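Q: The structure file query17.txt (compact mmCIF, C-alpha atoms) is provided below.
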# COMPACT_ATOMS: atom_id res chain seq x y z
CA MET A 1 -204.65 -143.27 36.32
CA THR A 2 -201.54 -143.32 38.51
CA PRO A 3 -198.36 -143.81 36.44
CA ALA A 4 -196.60 -147.11 37.09
CA LEU A 5 -193.50 -146.76 39.21
CA PRO A 6 -190.29 -148.55 38.22
CA ARG A 7 -190.04 -152.16 39.34
CA THR A 8 -186.35 -152.81 38.84
CA ALA A 9 -183.77 -151.87 41.46
CA ARG A 10 -181.96 -149.67 38.96
CA GLY A 11 -185.13 -147.88 37.93
CA ARG A 12 -186.08 -147.27 41.54
CA LEU A 13 -182.64 -145.94 42.38
CA LEU A 14 -182.72 -143.56 39.41
CA LEU A 15 -186.18 -142.33 40.43
CA LEU A 16 -185.02 -141.74 44.00
CA LEU A 17 -181.93 -139.87 42.84
CA ALA A 18 -184.05 -137.65 40.59
CA LEU A 19 -186.60 -137.03 43.33
CA ALA A 20 -183.90 -136.34 45.93
CA THR A 21 -182.27 -133.86 43.55
CA ALA A 22 -185.58 -132.09 42.94
CA VAL A 23 -186.25 -131.94 46.67
CA THR A 24 -182.78 -130.55 47.34
CA VAL A 25 -183.16 -127.86 44.69
CA PHE A 26 -186.61 -126.94 45.97
CA THR A 27 -185.60 -126.68 49.62
CA ALA A 28 -182.49 -124.70 48.70
CA THR A 29 -184.33 -122.14 46.62
CA VAL A 30 -187.99 -121.82 47.61
CA PRO A 31 -188.14 -121.95 51.42
CA LEU A 32 -186.16 -119.58 53.61
CA LEU A 33 -184.17 -121.49 56.20
CA ARG A 34 -185.08 -120.38 59.71
CA ASP A 35 -181.60 -120.55 61.24
CA TRP A 36 -182.75 -122.53 64.31
CA PHE A 37 -184.36 -119.37 65.63
CA ASP A 38 -186.75 -120.95 68.11
CA LEU A 39 -184.06 -123.27 69.41
CA ARG A 40 -181.84 -120.26 70.00
CA VAL A 41 -184.67 -118.76 72.05
CA TYR A 42 -184.88 -121.91 74.16
CA TYR A 43 -181.13 -122.15 74.53
CA GLY A 44 -180.65 -118.47 75.43
CA SER A 45 -183.45 -118.60 78.01
CA ILE A 46 -182.10 -121.73 79.68
CA ASP A 47 -178.53 -120.42 79.61
CA THR A 48 -179.59 -117.11 81.18
CA TRP A 49 -181.66 -118.89 83.82
CA VAL A 50 -179.08 -121.50 84.84
CA HIS A 51 -175.73 -119.83 84.30
CA HIS A 52 -176.38 -116.11 84.71
CA GLY A 53 -179.03 -115.92 87.41
CA GLY A 54 -181.61 -114.35 85.12
CA ARG A 55 -185.29 -115.13 84.81
CA ILE A 56 -186.62 -117.43 82.11
CA TYR A 57 -188.94 -114.84 80.64
CA ASP A 58 -186.47 -111.95 80.74
CA TYR A 59 -184.26 -113.24 77.94
CA ARG A 60 -184.62 -111.71 74.47
CA VAL A 61 -182.86 -112.83 71.31
CA PRO A 62 -180.32 -110.09 70.57
CA GLY A 63 -181.76 -107.53 68.19
CA THR A 64 -185.35 -108.65 68.74
CA THR A 65 -188.11 -108.27 71.32
CA TYR A 66 -188.89 -111.97 71.42
CA GLY A 67 -188.23 -114.48 74.16
CA PHE A 68 -189.54 -117.62 75.80
CA THR A 69 -193.34 -117.95 75.69
CA TYR A 70 -194.01 -121.55 76.76
CA PRO A 71 -195.25 -122.61 80.22
CA PRO A 72 -192.52 -122.98 82.87
CA PHE A 73 -192.54 -126.78 82.68
CA ALA A 74 -191.24 -126.52 79.12
CA ALA A 75 -188.16 -124.76 80.49
CA VAL A 76 -187.75 -127.46 83.13
CA ALA A 77 -187.94 -130.12 80.42
CA MET A 78 -185.27 -128.26 78.44
CA LEU A 79 -182.83 -127.99 81.35
CA PRO A 80 -180.41 -130.55 79.83
CA MET A 81 -179.53 -127.88 77.26
CA ALA A 82 -177.66 -126.07 80.04
CA LEU A 83 -175.01 -128.78 79.75
CA LEU A 84 -174.48 -128.24 76.02
CA ASP A 85 -173.05 -125.58 73.77
CA LEU A 86 -175.34 -124.15 71.11
CA ARG A 87 -174.05 -126.27 68.23
CA THR A 88 -174.42 -129.45 70.24
CA ALA A 89 -177.92 -128.38 71.27
CA ILE A 90 -178.82 -127.87 67.59
CA ALA A 91 -177.51 -131.35 66.73
CA ALA A 92 -179.42 -132.86 69.65
CA ALA A 93 -182.63 -131.08 68.59
CA LEU A 94 -182.24 -132.38 65.05
CA LEU A 95 -181.80 -135.95 66.30
CA LEU A 96 -184.75 -135.65 68.67
CA ASN A 97 -186.99 -134.37 65.88
CA LEU A 98 -185.87 -137.18 63.58
CA ALA A 99 -186.56 -139.72 66.32
CA ALA A 100 -189.99 -138.20 66.99
CA LEU A 101 -190.81 -138.29 63.28
CA ALA A 102 -189.77 -141.95 63.15
CA VAL A 103 -192.09 -142.72 66.08
CA ILE A 104 -194.94 -140.85 64.40
CA LEU A 105 -194.47 -142.72 61.12
CA ARG A 106 -194.25 -146.02 63.00
CA LEU A 107 -197.54 -145.28 64.74
CA LEU A 108 -199.16 -144.09 61.52
CA THR A 109 -198.16 -147.13 59.51
CA GLY A 110 -198.87 -149.81 62.12
CA PRO A 111 -197.27 -153.21 62.61
CA GLU A 112 -196.75 -153.83 58.89
CA TRP A 113 -194.42 -150.87 58.40
CA ARG A 114 -191.86 -153.30 57.01
CA ARG A 115 -194.07 -153.81 53.95
CA HIS A 116 -192.91 -150.54 52.46
CA GLY A 117 -189.24 -151.53 52.33
CA TRP A 118 -186.31 -149.25 51.66
CA TYR A 119 -187.83 -147.98 48.43
CA GLY A 120 -191.15 -147.00 49.93
CA TRP A 121 -189.59 -145.29 52.93
CA ALA A 122 -187.09 -143.43 50.73
CA LEU A 123 -189.99 -142.08 48.66
CA ILE A 124 -191.82 -141.10 51.84
CA ALA A 125 -188.73 -139.31 53.19
CA CYS A 126 -188.42 -137.26 50.00
CA LEU A 127 -192.09 -136.31 50.04
CA LEU A 128 -192.06 -135.41 53.73
CA ALA A 129 -189.08 -133.14 53.14
CA LEU A 130 -191.33 -131.01 50.92
CA PHE A 131 -194.05 -130.53 53.56
CA GLU A 132 -193.75 -126.92 54.72
CA PRO A 133 -194.80 -127.48 58.36
CA LEU A 134 -192.13 -130.18 58.68
CA ARG A 135 -189.50 -128.05 56.95
CA ASP A 136 -190.17 -125.20 59.36
CA THR A 137 -190.29 -127.48 62.40
CA PHE A 138 -186.80 -128.77 61.68
CA SER A 139 -185.41 -125.40 60.57
CA PHE A 140 -186.74 -123.55 63.62
CA GLY A 141 -185.67 -126.32 66.01
CA GLN A 142 -189.30 -126.58 67.11
CA VAL A 143 -191.03 -129.03 69.48
CA ASN A 144 -194.20 -129.83 67.54
CA LEU A 145 -193.10 -133.28 66.41
CA LEU A 146 -192.23 -134.27 69.97
CA LEU A 147 -195.69 -133.24 71.15
CA LEU A 148 -197.40 -135.05 68.28
CA ALA A 149 -195.45 -138.21 69.10
CA LEU A 150 -196.60 -138.00 72.74
CA VAL A 151 -200.24 -137.59 71.73
CA LEU A 152 -200.18 -140.35 69.12
CA THR A 153 -198.63 -142.69 71.67
CA ASP A 154 -201.73 -142.21 73.79
CA ALA A 155 -203.87 -142.81 70.70
CA ALA A 156 -202.10 -146.12 70.17
CA LEU A 157 -202.67 -147.15 73.79
CA LEU A 158 -206.36 -146.35 73.53
CA ALA A 159 -206.69 -148.11 70.20
CA THR A 160 -205.06 -151.34 71.34
CA GLY A 161 -206.85 -151.77 74.66
CA ARG A 162 -203.87 -150.76 76.81
CA GLY A 163 -205.61 -147.69 78.16
CA ARG A 164 -204.26 -147.84 81.72
CA LEU A 165 -201.37 -145.59 80.77
CA ALA A 166 -203.27 -143.52 78.21
CA GLY A 167 -203.25 -139.86 79.12
CA ILE A 168 -199.64 -139.52 80.21
CA GLY A 169 -198.48 -138.34 76.79
CA ILE A 170 -201.34 -135.88 76.43
CA GLY A 171 -200.73 -134.53 79.94
CA LEU A 172 -197.03 -133.96 79.29
CA ALA A 173 -197.74 -132.31 75.94
CA ALA A 174 -200.30 -129.99 77.56
CA ALA A 175 -197.82 -129.01 80.28
CA ILE A 176 -195.19 -128.13 77.67
CA LYS A 177 -197.55 -126.24 75.40
CA LEU A 178 -201.18 -125.36 76.06
CA THR A 179 -202.73 -126.28 72.70
CA PRO A 180 -202.63 -130.10 73.22
CA ALA A 181 -204.92 -129.62 76.24
CA LEU A 182 -207.80 -129.95 73.77
CA PHE A 183 -207.00 -133.66 73.63
CA ILE A 184 -208.09 -133.86 77.27
CA GLY A 185 -211.38 -132.49 75.99
CA LEU A 186 -211.45 -135.35 73.48
CA LEU A 187 -211.08 -137.86 76.31
CA LEU A 188 -213.94 -136.20 78.16
CA VAL A 189 -216.19 -136.19 75.09
CA ALA A 190 -215.34 -139.86 74.61
CA ARG A 191 -216.09 -140.56 78.30
CA ARG A 192 -212.66 -142.01 78.89
CA TRP A 193 -212.72 -140.75 82.44
CA ARG A 194 -209.63 -142.58 83.63
CA ALA A 195 -207.49 -141.36 80.74
CA ALA A 196 -208.82 -137.81 81.09
CA ALA A 197 -208.12 -137.82 84.83
CA LEU A 198 -204.61 -139.18 84.27
CA ALA A 199 -203.85 -136.58 81.58
CA THR A 200 -205.12 -133.78 83.83
CA ALA A 201 -203.15 -135.08 86.82
CA VAL A 202 -199.95 -135.33 84.77
CA ALA A 203 -200.39 -131.80 83.37
CA LEU A 204 -201.09 -130.34 86.81
CA GLY A 205 -198.27 -132.33 88.40
CA ALA A 206 -195.78 -131.14 85.80
CA THR A 207 -196.97 -127.56 86.26
CA ALA A 208 -196.61 -127.90 90.03
CA LEU A 209 -193.09 -129.29 89.59
CA ALA A 210 -192.17 -126.23 87.53
CA ALA A 211 -193.62 -123.98 90.25
CA TRP A 212 -191.51 -125.78 92.83
CA VAL A 213 -188.37 -125.37 90.70
CA ASP A 214 -188.97 -121.66 90.02
CA ALA A 215 -191.99 -120.15 91.76
CA ASP A 216 -191.25 -116.64 90.50
CA ALA A 217 -191.18 -117.72 86.86
CA SER A 218 -194.42 -119.66 87.26
CA ARG A 219 -196.14 -116.72 88.92
CA PHE A 220 -194.99 -114.38 86.17
CA TYR A 221 -196.08 -116.69 83.35
CA TRP A 222 -199.58 -117.44 84.62
CA THR A 223 -200.36 -113.89 85.69
CA ASP A 224 -198.52 -111.83 83.07
CA ALA A 225 -196.63 -113.48 80.19
CA LEU A 226 -199.53 -115.71 79.14
CA TRP A 227 -201.75 -112.68 78.55
CA ASP A 228 -199.13 -110.40 76.99
CA THR A 229 -199.74 -110.62 73.24
CA SER A 230 -196.75 -108.39 72.50
CA ARG A 231 -194.50 -111.33 73.41
CA VAL A 232 -196.07 -113.48 70.73
CA GLY A 233 -196.06 -111.53 67.50
CA ARG A 234 -198.44 -109.77 65.14
CA LEU A 235 -201.74 -111.63 64.88
CA GLY A 236 -202.18 -110.57 61.25
CA TYR A 237 -198.82 -112.00 60.16
CA VAL A 238 -199.44 -114.31 57.21
CA SER A 239 -197.91 -117.32 58.97
CA ASN A 240 -200.73 -117.24 61.52
CA GLN A 241 -203.14 -119.73 59.96
CA SER A 242 -205.73 -119.78 62.74
CA VAL A 243 -209.20 -118.23 62.85
CA GLN A 244 -207.68 -115.36 64.82
CA GLY A 245 -205.21 -114.84 62.00
CA ILE A 246 -208.01 -114.70 59.42
CA LEU A 247 -209.89 -112.10 61.44
CA ALA A 248 -206.75 -110.05 62.07
CA ARG A 249 -205.96 -109.90 58.35
CA LEU A 250 -209.53 -108.73 57.80
CA GLY A 251 -208.91 -105.93 60.28
CA GLU A 252 -211.44 -107.35 62.76
CA PRO A 253 -209.97 -106.79 66.26
CA ASP A 254 -213.14 -107.58 68.23
CA ARG A 255 -212.38 -110.45 70.62
CA ALA A 256 -216.09 -111.23 70.85
CA VAL A 257 -216.17 -112.15 67.16
CA TRP A 258 -213.19 -114.44 67.61
CA ALA A 259 -214.72 -116.04 70.72
CA ALA A 260 -217.98 -116.69 68.85
CA ALA A 261 -216.06 -118.32 65.98
CA VAL A 262 -214.10 -120.47 68.43
CA LEU A 263 -217.28 -121.65 70.15
CA LEU A 264 -218.82 -122.54 66.79
CA ILE A 265 -215.73 -124.51 65.77
CA LEU A 266 -215.61 -126.33 69.10
CA GLY A 267 -219.29 -127.21 68.73
CA VAL A 268 -218.66 -128.73 65.29
CA TRP A 269 -215.61 -130.52 66.64
CA ALA A 270 -217.54 -132.01 69.57
CA LEU A 271 -220.32 -133.30 67.30
CA ARG A 272 -217.90 -134.85 64.84
CA VAL A 273 -215.72 -136.36 67.55
CA ARG A 274 -218.75 -137.92 69.26
CA ARG A 275 -219.72 -139.51 65.98
CA ALA A 276 -216.20 -140.82 65.43
CA VAL A 277 -215.95 -142.24 68.93
CA ALA A 278 -219.41 -143.82 68.70
CA ALA A 279 -218.25 -145.61 65.55
CA GLY A 280 -215.02 -146.70 67.21
CA ASP A 281 -212.97 -144.51 64.87
CA TRP A 282 -210.32 -143.18 67.24
CA THR A 283 -208.08 -142.36 64.31
CA ALA A 284 -210.50 -139.74 63.02
CA ALA A 285 -211.26 -138.52 66.55
CA PHE A 286 -207.60 -137.66 67.19
CA ALA A 287 -207.21 -136.18 63.71
CA LEU A 288 -210.26 -133.93 64.20
CA THR A 289 -208.92 -132.74 67.54
CA GLY A 290 -205.61 -131.73 65.97
CA LEU A 291 -207.50 -129.78 63.31
CA ALA A 292 -209.69 -128.00 65.84
CA ALA A 293 -206.69 -127.13 68.04
CA CYS A 294 -204.98 -125.42 65.08
CA LEU A 295 -208.10 -123.40 64.28
CA VAL A 296 -209.02 -122.21 67.79
CA SER A 297 -205.51 -121.40 68.95
CA PRO A 298 -204.97 -117.61 68.93
CA ILE A 299 -201.86 -118.17 66.85
CA THR A 300 -201.08 -121.17 64.66
CA TRP A 301 -197.81 -120.66 62.88
CA VAL A 302 -197.29 -122.74 59.75
CA HIS A 303 -195.02 -125.18 61.56
CA HIS A 304 -197.87 -126.00 63.97
CA LEU A 305 -199.68 -127.62 61.06
CA VAL A 306 -197.79 -130.88 61.52
CA TRP A 307 -200.96 -131.69 63.50
CA LEU A 308 -202.66 -132.16 60.11
CA LEU A 309 -200.64 -135.27 59.27
CA PRO A 310 -203.11 -137.73 60.90
CA SER A 311 -205.91 -136.21 58.81
CA PHE A 312 -204.11 -137.06 55.59
CA ALA A 313 -203.69 -140.60 56.81
CA VAL A 314 -207.44 -140.80 57.51
CA LEU A 315 -208.15 -139.65 53.96
CA ILE A 316 -205.92 -142.40 52.59
CA ARG A 317 -207.46 -145.04 54.83
CA THR A 318 -210.96 -144.08 53.75
CA GLY A 319 -210.19 -144.25 50.04
CA HIS A 320 -209.41 -140.62 49.21
CA PRO A 321 -205.68 -140.70 48.37
CA ARG A 322 -205.99 -138.22 45.51
CA ILE A 323 -207.67 -135.62 47.69
CA ALA A 324 -205.05 -136.23 50.37
CA GLY A 325 -202.27 -135.88 47.82
CA ALA A 326 -203.70 -132.65 46.38
CA LEU A 327 -204.11 -130.99 49.78
CA TYR A 328 -200.69 -132.21 50.88
CA ALA A 329 -199.16 -130.75 47.71
CA VAL A 330 -200.72 -127.34 48.44
CA LEU A 331 -199.16 -127.42 51.91
CA CYS A 332 -195.77 -127.96 50.27
CA THR A 333 -195.93 -124.84 48.12
CA SER A 334 -195.55 -122.00 50.66
CA VAL A 335 -198.38 -120.36 48.71
CA VAL A 336 -199.58 -118.18 51.61
CA TRP A 337 -196.35 -116.18 51.45
CA LEU A 338 -197.42 -114.65 48.14
CA TRP A 339 -199.57 -112.34 50.28
CA PHE A 340 -196.81 -111.51 52.75
CA ASP A 341 -196.92 -107.78 51.96
CA ASP A 342 -200.60 -107.30 51.23
CA ALA A 343 -203.45 -109.63 52.18
CA SER A 344 -206.22 -107.22 51.21
CA GLY A 345 -208.91 -107.86 48.63
CA VAL A 346 -210.71 -111.06 47.72
CA ASP A 347 -207.52 -112.71 46.49
CA GLY A 348 -205.77 -111.83 49.73
CA PHE A 349 -208.66 -113.14 51.82
CA LEU A 350 -208.67 -116.44 49.95
CA GLY A 351 -204.96 -116.85 49.25
CA SER A 352 -203.34 -115.67 52.48
CA ASN A 353 -205.56 -118.05 54.47
CA THR A 354 -205.12 -121.07 52.22
CA TYR A 355 -203.77 -123.34 54.95
CA ALA A 356 -206.52 -122.27 57.35
CA TRP A 357 -209.16 -123.09 54.70
CA ILE A 358 -207.64 -126.55 54.30
CA THR A 359 -207.73 -127.08 58.05
CA LEU A 360 -211.34 -125.89 58.28
CA GLY A 361 -212.38 -127.99 55.30
CA LEU A 362 -210.86 -131.10 56.84
CA LEU A 363 -212.62 -130.42 60.14
CA LEU A 364 -215.98 -130.18 58.38
CA TRP A 365 -215.54 -132.99 55.85
CA LEU A 366 -213.00 -135.52 57.13
CA PRO A 367 -214.63 -138.96 56.83
CA VAL A 368 -215.37 -140.60 60.20
CA GLY A 369 -216.64 -144.03 61.12
CA HIS A 370 -215.47 -145.64 57.88
CA LEU A 371 -213.67 -148.58 59.42
CA PRO A 372 -212.86 -151.73 57.47
CA SER A 373 -215.79 -154.16 57.49
CA ASP A 374 -213.93 -156.70 59.58
CA ARG A 375 -213.54 -154.10 62.34
CA ARG A 376 -217.13 -152.95 62.66
CA THR A 377 -218.37 -155.76 64.83
CA GLY A 378 -218.28 -156.12 68.58
CA SER A 379 -218.58 -152.42 69.32
CA ARG A 380 -218.69 -151.68 73.01
CA SER A 381 -219.94 -148.69 74.92
CA THR A 382 -217.56 -145.79 74.96
CA SER A 383 -218.67 -144.94 78.48
CA THR A 384 -216.43 -147.62 79.91
CA THR A 385 -213.84 -146.07 82.16
CA THR A 386 -211.07 -148.31 80.92
CA ALA A 387 -210.92 -151.19 78.51
CA ALA A 388 -209.29 -154.37 79.65
CA PRO A 389 -206.87 -155.97 77.22
CA SER A 390 -208.06 -159.19 75.70
CA PRO A 391 -206.59 -161.77 73.34
CA THR A 392 -208.80 -160.37 70.59
CA ALA A 393 -207.93 -156.71 71.20
CA PRO A 394 -207.11 -155.06 67.88
CA THR A 395 -203.68 -153.83 67.08
CA ILE A 396 -202.62 -150.75 65.21
CA SER A 397 -203.52 -151.44 61.66
CA PRO A 398 -201.09 -151.35 58.77
CA ALA A 399 -200.86 -148.40 56.48
CA SER A 400 -203.21 -148.12 53.61
CA VAL A 401 -200.32 -147.04 51.41
CA GLN A 402 -199.48 -149.92 49.15
CA ALA A 403 -196.22 -151.74 49.58
CA GLU A 404 -193.65 -152.02 46.88
CA PRO A 405 -193.63 -152.64 44.06
CA GLY A 406 -196.99 -150.93 43.75
CA PHE A 407 -196.17 -148.17 46.20
CA SER A 408 -198.40 -145.16 45.58
CA GLY A 409 -196.60 -141.84 45.33
CA THR A 410 -199.85 -139.97 45.81
CA ALA A 411 -200.58 -141.82 49.01
CA ALA A 412 -197.09 -141.24 50.27
CA ALA A 413 -197.50 -137.55 49.65
CA ALA A 414 -200.43 -137.58 52.02
CA ALA A 415 -198.50 -137.91 55.24
CA ALA A 416 -196.56 -140.98 54.36
CA GLY A 417 -199.03 -143.63 55.22
CA SER A 418 -201.98 -144.65 57.28
CA VAL A 419 -202.66 -143.79 60.88
CA VAL A 420 -203.27 -145.53 64.14
CA GLU A 421 -206.20 -147.77 63.33
CA PRO A 422 -208.31 -148.26 66.41
CA GLY A 423 -210.39 -151.21 65.39
CA ARG A 424 -213.44 -151.84 67.53
CA ALA A 425 -215.07 -149.09 69.49
CA GLY A 426 -214.26 -149.03 73.16
CA ALA A 427 -210.90 -150.65 72.72
CA GLY A 428 -209.29 -147.88 74.64
CA GLU A 429 -209.81 -145.51 76.79
CA GLY A 430 -206.23 -125.09 74.41
CA SER A 431 -205.25 -121.44 74.39
CA SER A 432 -201.94 -121.53 72.58
CA GLU A 433 -198.66 -119.79 72.98
CA PRO A 434 -197.40 -119.69 69.41
CA THR A 435 -193.90 -120.01 68.30
CA GLY A 436 -192.30 -118.64 65.28
CA SER A 437 -189.31 -116.80 64.12
CA THR A 438 -188.21 -113.24 64.21
CA LEU A 439 -185.18 -112.74 62.10
CA ALA A 440 -184.32 -109.24 60.97
CA ALA A 441 -187.01 -107.58 58.90
CA ASP A 442 -186.83 -108.61 55.30
CA ARG A 443 -188.88 -108.00 52.20
CA ASN A 444 -188.53 -111.64 51.29
CA PRO A 445 -192.01 -113.17 51.50
CA GLN A 446 -190.50 -116.08 53.39
CA SER A 447 -189.11 -113.78 56.07
CA SER A 448 -190.14 -114.53 59.61
CA SER A 449 -189.26 -111.12 60.92
CA GLU A 450 -192.71 -110.46 62.34
CA ARG A 451 -193.15 -113.79 64.02
CA ALA A 452 -192.77 -114.54 67.64
CA SER A 453 -190.33 -117.08 68.86
CA SER A 454 -191.27 -120.13 70.85
Just give me the structure as structure tokens.
A:
Amino acid sequence: MTPALPRTARGRLLLLLALATAVTVFTATVPLLRDWFDLRVYYGSIDTWVHHGGRIYDYRVPGTTYGFTYPPFAAVAMLPMALLDLRTAIAAALLLNLAALAVILRLLTGPEWRRHGWYGWALIACLLALFEPLRDTFSFGQVNLLLLALVLTDAALLATGRGRLAGIGIGLAAAIKLTPALFIGLLLVARRWRAAALATAVALGATALAAWVDADASRFYWTDALWDTSRVGRLGYVSNQSVQGILARLGEPDRAVWAAAVLLILGVWALRVRRAVAAGDWTAAFALTGLAACLVSPITWVHHLVWLLPSFAVLIRTGHPRIAGALYAVLCTSVVWLWFDDASGVDGFLGSNTYAWITLGLLLWLPVGHLPSDRRTGSRSTSTTTAAPSPTAPTISPASVQAEPGFSGTAAAAAAGSVVEPGRAGAGEGSSEPTGSTLAADRNPQSSSERASS
């Protein structure tokens, strides 16, 4: 039975102060702050390119062998940093990530986000601050939240029957970083031909723009840097929570084994996504795609796991808030770092891959097609190229997290709310270059000294 939360303003304020204090102590003692490492990679690469006549991919963070590893369009998108000093760029990155997180939460909670009030959102903020992938995303100065916001914007367009523009966000995200390209695969599986074509055109157009801006950098990336694993980091590093990371920690270097595992995962993903789309459950379809992308990517650093947030919202929506809360809590613990030095043995195999097991379990088990009863009628064929808006087109549903005063702390722990709720079916219409951190080698299990940047 969930303990009753305080109902008076004073009681709520005292609870928030206690929770905020606990969060502050935890984040100050347990996690290792990442010192904006990835942002310093971006900034140094752009500064070298614009102000010193160097090449984007030649820059290395002083004292390390790590540099820019994203596609050239990512550098083009980051060009405004050339106008800023490093401290201003850090402040701008922090604000952009906060704005992206606000957009994500708005999309996840739907039109009734006001129901949660200041108290509910304050609780959510405290709980989100504990989530390791979010902590690392902010501390590294990473771009994952921006990409997730772009993708979820397309999910909202598809879910609400405004699919004419759906695909732009996915295309931009795929041009900045290759992993979100799997969402184009989702559109193809769902037979949203228009959205898939638009996403592909946007990704190719952005890539062509980058080639026009710097042809030499584009040529180098697509023919050399993309295939150079030494630029990325050690595959067996404990932060790599992908299937490739599991195999590397087992000492299995055979690429054929990894390729077979990837094909198996993609097969499961395709089957589950088809079922979700057939039931009109676009929420689960997008969540499953984020899970599969994390698993099949050659490297999935811990901060990439912000893509799991929609899955927690699906669990809450389908009546599994306790499971969502338990899994979310595990992802707050930094437990995989206990095997930083030695991931051998059965305990190492199980413990060092904890986050990957959660991702795989969600891919296999995440409930799909469990829409509210009032949204199961009127299903249309998913083969329609685009869905025309109508007066009865469903909107993004409200969160399943209860509003105050009965706000559920467990539900809030599971990604702070619900997710884009698609309503009726038919309402709407890759490899990865990991990023990480590479501070000086340290025996601290939280050290990111073996991780690639960007």
Q: Rank nothing, just name the residue among A:Gly53, A:Leu19, A:Ala174, A:Leu98 nearest to Pro71 of chain A, using only C-alpha atoms.
A: A:Ala174
Q: Here is a test: counting all atoms listed in the file, which residue of A:Gly11, A:Pro367, A:Gly161, A:Gly280 is nearest to Thr318 of chain A?
A: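 Closest to Thr318 of chain A, using all atoms listed in the file: A:Pro367.
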Q: What does the structure give for the distance between atom CA of Ile170 of chain A and atom CA of Ala195 of chain A, in Å to one decimal?
A: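 Taking atom CA of Ile170 of chain A and atom CA of Ala195 of chain A, their separation equals 9.3 Å.
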Q: May I ask for the distance between atom CA of Pro310 of chain A and atom CA of Ile124 of chain A, given in Å to one decimal place?
A: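 Pair atom CA of Pro310 of chain A / atom CA of Ile124 of chain A returns 14.9 Å.
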Q: Using only C-alpha atoms, pick whichever of A:Ala129, A:Val41, A:Leu235, A:Ala313 has the shortest atom-to-atom distance to Tyr66 of chain A.
A: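 Of A:Ala129, A:Val41, A:Leu235, A:Ala313, the one nearest Tyr66 of chain A, counting only C-alpha atoms, is A:Val41.
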Q: Taking into account all atoms listed in the file, which residue in the set A:Val243, A:Val330, A:Leu226, A:Ala100 is nearest to Thr300 of chain A?
A: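 Checking each of A:Val243, A:Val330, A:Leu226, A:Ala100 against Thr300 of chain A, counting all atoms listed in the file, the winner is A:Val243.
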Q: If we draw a sphere of 9 Å around (-205.9, -131.4, 61.3), which residues have at least one atom in it when counting only C-alpha atoms? Please report them as a PyMOL selection string.
A: chain A and resi 286-295+305-312+358-360+362-363
Q: Would you mind reading off the distance between atom CA of Leu172 of chain A and atom CA of Ala203 of chain A, one decimal, in Å?
A: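 Atom CA of Leu172 of chain A sits 5.7 Å away from atom CA of Ala203 of chain A.
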